[in-house]
file coords29.csv (CSV, C-alpha atoms and all ligand atoms)
chain,number,residue,atom,x,y,z
C,67,MET,CA,-26.9,-13.9,-26.7
C,68,LYS,CA,-23.7,-12.0,-26.1
C,69,VAL,CA,-22.7,-11.8,-22.5
C,70,LYS,CA,-20.8,-8.6,-21.5
C,71,PRO,CA,-17.7,-9.6,-19.5
C,72,VAL,CA,-18.1,-8.4,-15.9
C,73,CYS,CA,-14.6,-7.1,-15.8
C,74,VAL,CA,-15.2,-4.1,-18.2
C,75,SER,CA,-18.5,-2.9,-16.8
C,76,LYS,CA,-17.3,-0.3,-14.3
C,77,LYS,CA,-14.1,1.5,-13.2
C,78,PRO,CA,-12.3,-1.0,-11.2
C,79,ILE,CA,-10.5,-0.8,-7.8
C,80,GLY,CA,-6.8,-1.4,-8.3
C,81,ILE,CA,-5.1,-3.6,-5.7
C,82,ILE,CA,-1.3,-3.9,-5.5
C,83,GLY,CA,0.9,-6.1,-3.4
C,84,ALA,CA,4.7,-6.5,-3.6
C,85,MET,CA,4.9,-10.3,-3.1
C,86,ALA,CA,2.8,-13.2,-4.4
C,87,VAL,CA,1.8,-14.1,-0.8
C,88,GLU,CA,0.2,-10.6,-0.5
C,89,VAL,CA,-2.1,-10.9,-3.5
C,90,GLU,CA,-2.7,-14.7,-4.1
C,91,ALA,CA,-5.7,-15.1,-1.8
C,92,LEU,CA,-7.3,-12.1,-3.5
C,93,ILE,CA,-6.7,-13.4,-7.0
C,94,ALA,CA,-7.9,-16.8,-5.9
C,95,GLY,CA,-11.1,-15.2,-4.6
C,96,MET,CA,-11.9,-13.3,-7.9
C,97,GLU,CA,-14.4,-14.3,-10.5
C,98,GLY,CA,-14.3,-13.9,-14.3
C,99,VAL,CA,-10.5,-13.4,-14.2
C,100,CYS,CA,-8.6,-12.4,-17.3
C,101,VAL,CA,-4.8,-11.8,-17.1
C,102,GLU,CA,-3.1,-9.1,-19.1
C,103,GLU,CA,0.6,-8.2,-19.3
C,104,ALA,CA,1.8,-4.6,-19.3
C,105,ALA,CA,5.1,-3.2,-18.3
C,106,GLY,CA,6.2,-6.8,-17.9
C,107,LEU,CA,3.7,-7.3,-15.0
C,108,ALA,CA,0.6,-9.4,-14.8
C,109,PHE,CA,-2.7,-7.6,-14.2
C,110,HIS,CA,-5.6,-9.8,-13.1
C,111,ARG,CA,-8.9,-8.3,-14.0
C,112,GLY,CA,-12.2,-9.7,-12.6
C,113,THR,CA,-14.6,-9.2,-9.7
C,114,LEU,CA,-13.9,-9.6,-6.0
C,115,GLU,CA,-17.1,-9.9,-4.0
C,116,GLY,CA,-18.9,-8.6,-7.1
C,117,VAL,CA,-16.7,-5.5,-7.3
C,118,PRO,CA,-14.7,-4.9,-10.5
C,119,CYS,CA,-11.0,-5.1,-9.6
C,120,VAL,CA,-7.6,-5.3,-11.1
C,121,VAL,CA,-4.9,-7.0,-9.0
C,122,ALA,CA,-1.1,-7.0,-9.5
C,123,GLU,CA,2.0,-8.2,-7.8
C,124,CYS,CA,4.6,-5.4,-8.3
C,125,GLY,CA,7.7,-6.8,-6.7
C,126,PRO,CA,9.5,-5.1,-3.7
C,127,GLY,CA,10.6,-1.5,-3.6
C,128,LYS,CA,9.6,2.0,-4.7
C,129,VAL,CA,10.4,1.8,-8.4
C,130,ASN,CA,8.6,-1.5,-8.9
C,131,ALA,CA,5.6,-0.1,-7.0
C,132,ALA,CA,5.6,3.2,-9.0
C,133,VAL,CA,5.8,1.4,-12.4
C,134,CYS,CA,2.9,-0.9,-11.4
C,135,ALA,CA,0.7,1.9,-10.1
C,136,GLN,CA,1.3,4.2,-13.0
C,137,THR,CA,0.7,1.4,-15.5
C,138,MET,CA,-2.5,0.6,-13.7
C,139,LEU,CA,-3.7,4.2,-13.8
C,140,LEU,CA,-3.0,4.6,-17.5
C,141,ARG,CA,-4.4,1.3,-18.6
C,142,TYR,CA,-7.3,0.6,-16.2
C,143,GLU,CA,-8.3,4.0,-14.8
C,144,PRO,CA,-9.0,2.6,-11.4
C,145,ARG,CA,-11.3,4.8,-9.1
C,146,LEU,CA,-9.1,3.9,-6.1
C,147,ILE,CA,-5.8,2.0,-5.7
C,148,ILE,CA,-5.2,0.0,-2.5
C,149,ASN,CA,-1.8,-1.2,-1.5
C,150,VAL,CA,-2.1,-4.4,0.6
C,151,GLY,CA,0.3,-6.7,2.4
C,152,VAL,CA,2.7,-6.9,5.3
C,153,ALA,CA,4.9,-4.3,7.1
C,154,GLY,CA,7.3,-4.0,10.0
C,155,GLY,CA,5.8,-2.4,13.1
C,156,VAL,CA,7.2,0.9,14.3
C,157,GLY,CA,7.2,2.1,17.9
C,158,SER,CA,6.2,0.2,21.0
C,159,GLN,CA,2.4,0.0,20.4
C,160,VAL,CA,2.4,-1.9,17.2
C,161,HIS,CA,2.7,-5.7,17.4
C,162,ILE,CA,3.0,-8.7,15.1
C,163,GLY,CA,-0.5,-9.5,13.7
C,164,ASP,CA,-1.8,-6.0,14.1
C,165,LEU,CA,-3.4,-4.1,11.2
C,166,VAL,CA,-2.3,-0.7,10.1
C,167,VAL,CA,-4.3,1.7,7.9
C,168,ALA,CA,-2.3,4.6,6.5
C,169,ALA,CA,-3.5,8.2,7.0
C,170,ALA,CA,-0.5,9.2,5.0
C,171,CYS,CA,2.8,7.8,3.7
C,172,VAL,CA,6.3,9.2,3.7
C,173,GLN,CA,9.3,8.2,1.6
C,174,TYR,CA,11.6,8.4,4.6
C,175,ASP,CA,14.7,7.6,2.5
C,176,PHE,CA,14.2,10.5,0.1
C,177,ASP,CA,16.8,12.8,1.5
C,178,THR,CA,17.6,16.4,0.4
C,179,THR,CA,18.1,17.6,4.0
C,180,ALA,CA,21.5,18.9,3.0
C,181,MET,CA,19.6,21.4,0.9
C,182,GLY,CA,17.4,22.4,3.9
C,183,ASP,CA,14.4,20.3,3.0
C,184,PRO,CA,12.6,18.2,5.7
C,185,LEU,CA,13.5,14.5,5.4
C,186,GLY,CA,11.1,12.7,3.1
C,187,THR,CA,10.0,15.7,1.0
C,188,VAL,CA,9.3,14.7,-2.6
C,189,PHE,CA,9.1,17.1,-5.4
C,190,ILE,CA,6.0,17.0,-7.6
C,191,ARG,CA,6.2,18.6,-11.1
C,192,ARG,CA,3.0,19.7,-12.9
C,193,ALA,CA,2.6,20.9,-16.6
C,194,SER,CA,0.7,23.9,-15.2
C,195,GLY,CA,3.8,25.0,-13.4
C,196,ASP,CA,1.9,24.4,-10.2
C,197,ASN,CA,4.8,22.4,-8.6
C,198,GLU,CA,4.5,21.1,-5.1
C,199,ASP,CA,6.8,19.8,-2.3
C,200,VAL,CA,5.1,17.1,-0.3
C,201,ARG,CA,6.3,15.3,2.8
C,202,LEU,CA,3.2,13.4,3.9
C,203,LEU,CA,1.6,11.9,0.9
C,204,PRO,CA,-2.1,11.7,1.8
C,205,CYS,CA,-4.3,8.6,1.6
C,206,CYS,CA,-8.1,8.7,1.0
C,207,GLU,CA,-10.0,9.5,4.2
C,208,GLU,CA,-13.2,7.7,3.1
C,209,ALA,CA,-11.4,4.5,2.1
C,210,ALA,CA,-9.4,4.5,5.4
C,211,ALA,CA,-12.6,5.0,7.4
C,212,VAL,CA,-14.2,2.0,5.7
C,213,LEU,CA,-11.1,-0.2,6.3
C,214,LEU,CA,-10.9,0.9,9.9
C,215,GLY,CA,-14.6,0.3,10.5
C,216,GLU,CA,-14.3,-3.2,9.0
C,217,ALA,CA,-11.2,-3.9,11.1
C,218,ARG,CA,-13.0,-2.8,14.2
C,219,SER,CA,-15.9,-5.2,13.6
C,220,ILE,CA,-13.8,-8.2,12.5
C,221,TYR,CA,-10.6,-7.9,14.5
C,222,GLY,CA,-11.3,-5.3,17.2
C,223,GLY,CA,-9.5,-2.5,15.5
C,224,ALA,CA,-6.5,-1.3,13.5
C,225,HIS,CA,-3.8,1.3,14.0
C,226,PHE,CA,-4.2,4.5,11.9
C,227,GLY,CA,-1.3,6.8,11.1
C,228,VAL,CA,1.8,7.3,9.1
C,229,VAL,CA,3.4,4.5,7.1
C,230,CYS,CA,7.0,4.9,6.2
C,231,THR,CA,8.3,3.7,2.9
C,232,GLY,CA,11.9,3.1,1.8
C,233,ASP,CA,14.1,0.8,-0.2
C,234,THR,CA,15.4,-1.1,2.8
C,235,PHE,CA,14.1,-4.0,4.8
C,236,VAL,CA,14.4,-2.5,8.3
C,237,ALA,CA,15.8,-4.9,11.0
C,238,ASP,CA,17.3,-2.3,13.3
C,239,PRO,CA,15.9,-1.1,16.6
C,240,GLU,CA,17.7,2.3,16.2
C,241,LYS,CA,16.2,2.9,12.8
C,242,ASN,CA,12.8,1.9,14.2
C,243,ARG,CA,13.2,4.5,17.0
C,244,PHE,CA,14.2,7.1,14.4
C,245,LEU,CA,11.1,6.4,12.3
C,246,ASP,CA,8.9,6.6,15.4
C,247,GLU,CA,10.5,9.9,16.5
C,248,ALA,CA,10.8,11.6,13.1
C,249,PHE,CA,7.4,10.6,11.7
C,250,GLN,CA,5.3,9.2,14.6
C,251,ALA,CA,5.0,6.2,12.2
C,252,GLN,CA,3.1,3.0,12.8
C,253,ALA,CA,4.7,0.8,10.2
C,254,VAL,CA,7.6,0.6,7.7
C,255,GLU,CA,7.4,-1.1,4.3
C,256,MET,CA,8.8,-0.6,0.8
C,257,GLU,CA,6.0,0.4,-1.6
C,258,GLY,CA,3.1,2.4,-0.1
C,259,GLY,CA,4.7,5.8,-0.4
C,260,ALA,CA,5.6,5.3,-4.0
C,261,ILE,CA,2.0,4.2,-4.8
C,262,ALA,CA,0.7,7.2,-2.8
C,263,GLN,CA,2.9,9.6,-4.9
C,264,VAL,CA,1.8,8.1,-8.2
C,265,CYS,CA,-1.8,8.4,-7.1
C,266,TYR,CA,-1.3,12.0,-5.8
C,267,MET,CA,0.2,13.0,-9.1
C,268,GLY,CA,-2.6,11.2,-11.0
C,269,GLN,CA,-5.3,12.6,-8.7
C,270,VAL,CA,-6.6,9.2,-7.9
C,271,PRO,CA,-7.4,8.2,-4.3
C,272,CYS,CA,-5.2,5.6,-2.7
C,273,ALA,CA,-5.3,3.5,0.5
C,274,VAL,CA,-2.6,1.5,2.2
C,275,LEU,CA,-3.5,-1.5,4.4
C,276,ARG,CA,-0.8,-3.5,6.0
C,277,ALA,CA,-0.6,-6.4,8.6
C,278,ILE,CA,2.5,-6.5,10.8
C,279,SER,CA,4.8,-9.4,10.0
C,280,ASP,CA,7.7,-8.3,12.2
C,281,CYS,CA,8.7,-5.4,14.4
C,282,ALA,CA,11.5,-4.0,12.2
C,283,ASN,CA,14.1,-4.9,14.8
C,284,ASP,CA,16.8,-7.6,15.5
C,285,GLU,CA,14.1,-10.3,15.4
C,286,SER,CA,12.9,-9.4,11.9
C,287,PRO,CA,15.0,-11.8,9.9
C,288,MET,CA,13.4,-14.7,11.9
C,289,ASP,CA,9.9,-13.2,12.3
C,290,PHE,CA,9.3,-12.1,8.7
C,291,PRO,CA,9.5,-15.6,7.2
C,292,ALA,CA,7.5,-17.0,10.2
C,293,PHE,CA,4.6,-14.5,10.2
C,294,THR,CA,4.4,-13.1,6.7
C,295,LYS,CA,1.8,-15.7,5.4
C,296,VAL,CA,-0.6,-15.3,8.3
C,297,ALA,CA,-0.2,-11.5,8.2
C,298,ALA,CA,-0.7,-11.3,4.4
C,299,GLU,CA,-3.8,-13.4,4.7
C,300,LYS,CA,-5.2,-11.1,7.4
C,301,SER,CA,-4.8,-8.0,5.2
C,302,SER,CA,-6.4,-9.9,2.3
C,303,GLN,CA,-9.3,-11.1,4.4
C,304,LEU,CA,-10.0,-7.5,5.7
C,305,LEU,CA,-9.9,-6.1,2.2
C,306,LYS,CA,-12.3,-8.8,0.9
C,307,ALA,CA,-14.7,-7.9,3.7
C,308,ALA,CA,-14.4,-4.2,3.1
C,309,ILE,CA,-14.4,-4.1,-0.7
C,310,GLY,CA,-18.1,-3.9,-1.2
C,311,LYS,CA,-18.2,-0.7,0.8
C,312,LEU,CA,-15.3,1.0,-1.0
R,1,LIG,N1,7.9,-5.4,5.2
R,1,LIG,C1,7.7,-6.2,6.2
R,1,LIG,N2,8.5,-6.0,7.2
R,1,LIG,C2,9.4,-5.0,6.8
R,1,LIG,C3,10.5,-4.4,7.4
R,1,LIG,N3,10.9,-4.8,8.6
R,1,LIG,N4,11.1,-3.4,6.7
R,1,LIG,C4,10.6,-3.1,5.4
R,1,LIG,N5,9.6,-3.6,4.8
R,1,LIG,C5,9.0,-4.6,5.5

call {"tool": "encode", "arguments": {"input": "coords29.csv", "output": "structure tokens"}}
result
Amino acid sequence: MKVKPVCVSKKPIGIIGAMAVEVEALIAGMEGVCVEEAAGLAFHRGTLEGVPCVVAECGPGKVNAAVCAQTMLLRYEPRLIINVGVAGGVGSQVHIGDLVVAAACVQYDFDTTAMGDPLGTVFIRRASGDNEDVRLLPCCEEAAAVLLGEARSIYGGAHFGVVCTGDTFVADPEKNRFLDEAFQAQAVEMEGGAIAQVCYMGQVPCAVLRAISDCANDESPMDFPAFTKVAAEKSSQLLKAAIGKL
């Protein structure tokens, strides 16, 4: 009798983390895993809690994240892409160990303000000519609601709001204040906004789920190595708990 591999039975959920520590617990928890290489990256296909998934470590930064997300879209046609991992907390209400679910992402370092555009505006081109300038790259409301609901029942809640993305590890209280004031952001990281743009262009829903490893301030160079593992595991555990409802 031929057994159909589970990993090709249904459109998968794509999961992307920048660092090994952000995806290793998810990959370890998968069943029927096969690993494929594309764009030089490893894509782990299998099921997580019975849900078909493809999981990849993209490496830090917007270009790595975009290459990974676009490759995932073209090769696996995921029905949703989720970016998981750690982030720096923004503002005074977000603390180490907290969870943040993105309502939207902004590439805060994309700067054509000299030309009169609001900071973080990105320029989407479409073959139809229906081009668009977007500042707040939207995340899937339904997926965010599931993640927030699960966070409420397991951890007592999560922050919900804007996640700032840029190619800098932020360890500066001034920059933190700026991100808070300019975007009312909850967290800063280096990939979510790039993945959100790829998904927006590809018309695929996306979600960004982060656990806070540091507060994007003077303490970050010490806090990040100390808290990243625990924070990354928290975001993985939440995703594992929620994935059956996504
Ligand atoms: N990821 C985790 N902490 C971060 C920070 N402070 N800045 C950018 N990305 C991060």

call {"tool": "residues_near_ligand", "arguments": {"input": "coords29.csv", "ligand": "ligand LIG 1 (chain R)", "cutoff": "7 Å", "atoms": "all atoms listed in the file", "output": "PyMOL selection string"}}
result
chain C and resi 152-154+234-237+254-256+278-283+286+290

call {"tool": "closest_residue", "arguments": {"input": "coords29.csv", "among": "C:Ala217, C:Val121, C:Ala262, C:Met288", "to": "Ala91 (chain C)", "atoms": "all atoms listed in the file"}}
result
C:Val121

call {"tool": "residues_around", "arguments": {"input": "coords29.csv", "residues": "Gly215 (chain C)", "least_positions_apart": "2", "cutoff": "12 Å", "atoms": "all atoms listed in the file", "output": "ChimeraX atom specification"}}
result
/C:167,208-213,217-226,304-305,307-308,311-312

call {"tool": "residues_around", "arguments": {"input": "coords29.csv", "residues": "Val129 (chain C)", "least_positions_apart": "5", "cutoff": "12 Å", "atoms": "only C-alpha atoms", "output": "PyMOL selection string"}}
result
chain C and resi 84+124+134-136+173+231-233+256-261+263-264

call {"tool": "atom_distance", "arguments": {"input": "coords29.csv", "atom1": "CA of Val274 (chain C)", "atom2": "CA of Cys205 (chain C)"}}
result
7.3 Å

call {"tool": "residues_near_point", "arguments": {"input": "coords29.csv", "point": "(-9.1, 0.0, -8.8)", "cutoff": "9 Å", "atoms": "all atoms listed in the file", "output": "VMD selection string"}}
result
chain C and resid 77 to 81 118 to 121 138 to 139 142 to 148

call {"tool": "closest_residue", "arguments": {"input": "coords29.csv", "among": "C:Ala104, C:Gln269, C:Leu202, C:Gln250", "to": "Arg141 (chain C)", "atoms": "all atoms listed in the file"}}
result
C:Ala104

call {"tool": "atom_distance", "arguments": {"input": "coords29.csv", "atom1": "CA of Cys272 (chain C)", "atom2": "CA of Phe249 (chain C)"}}
result
19.8 Å

call {"tool": "residues_around", "arguments": {"input": "coords29.csv", "residues": "Ala253 (chain C)", "least_positions_apart": "3", "cutoff": "8 Å", "atoms": "all atoms listed in the file", "output": "PyMOL selection string"}}
result
chain C and resi 153-156+160+166+228-230+278

call {"tool": "atom_distance", "arguments": {"input": "coords29.csv", "atom1": "CA of Cys265 (chain C)", "atom2": "CA of Leu114 (chain C)"}}
result
21.7 Å

call {"tool": "closest_residue", "arguments": {"input": "coords29.csv", "among": "C:Ala248, C:Leu214, C:Ile162, C:Val99", "to": "Ala298 (chain C)", "atoms": "all atoms listed in the file"}}
result
C:Ile162

call {"tool": "residues_around", "arguments": {"input": "coords29.csv", "residues": "Cys100 (chain C)", "least_positions_apart": "4", "cutoff": "7 Å", "atoms": "only C-alpha atoms", "output": "list in words"}}
result
His110, Arg111 and Gly112 of chain C

call {"tool": "closest_residue", "arguments": {"input": "coords29.csv", "among": "C:Glu88, C:Glu102, C:Glu198, C:Glu97", "to": "Gly116 (chain C)", "atoms": "all atoms listed in the file"}}
result
C:Glu97

call {"tool": "closest_residue", "arguments": {"input": "coords29.csv", "among": "C:Asp284, C:Glu299, C:Glu207, C:Glu216", "to": "Pro271 (chain C)", "atoms": "only C-alpha atoms"}}
result
C:Glu207
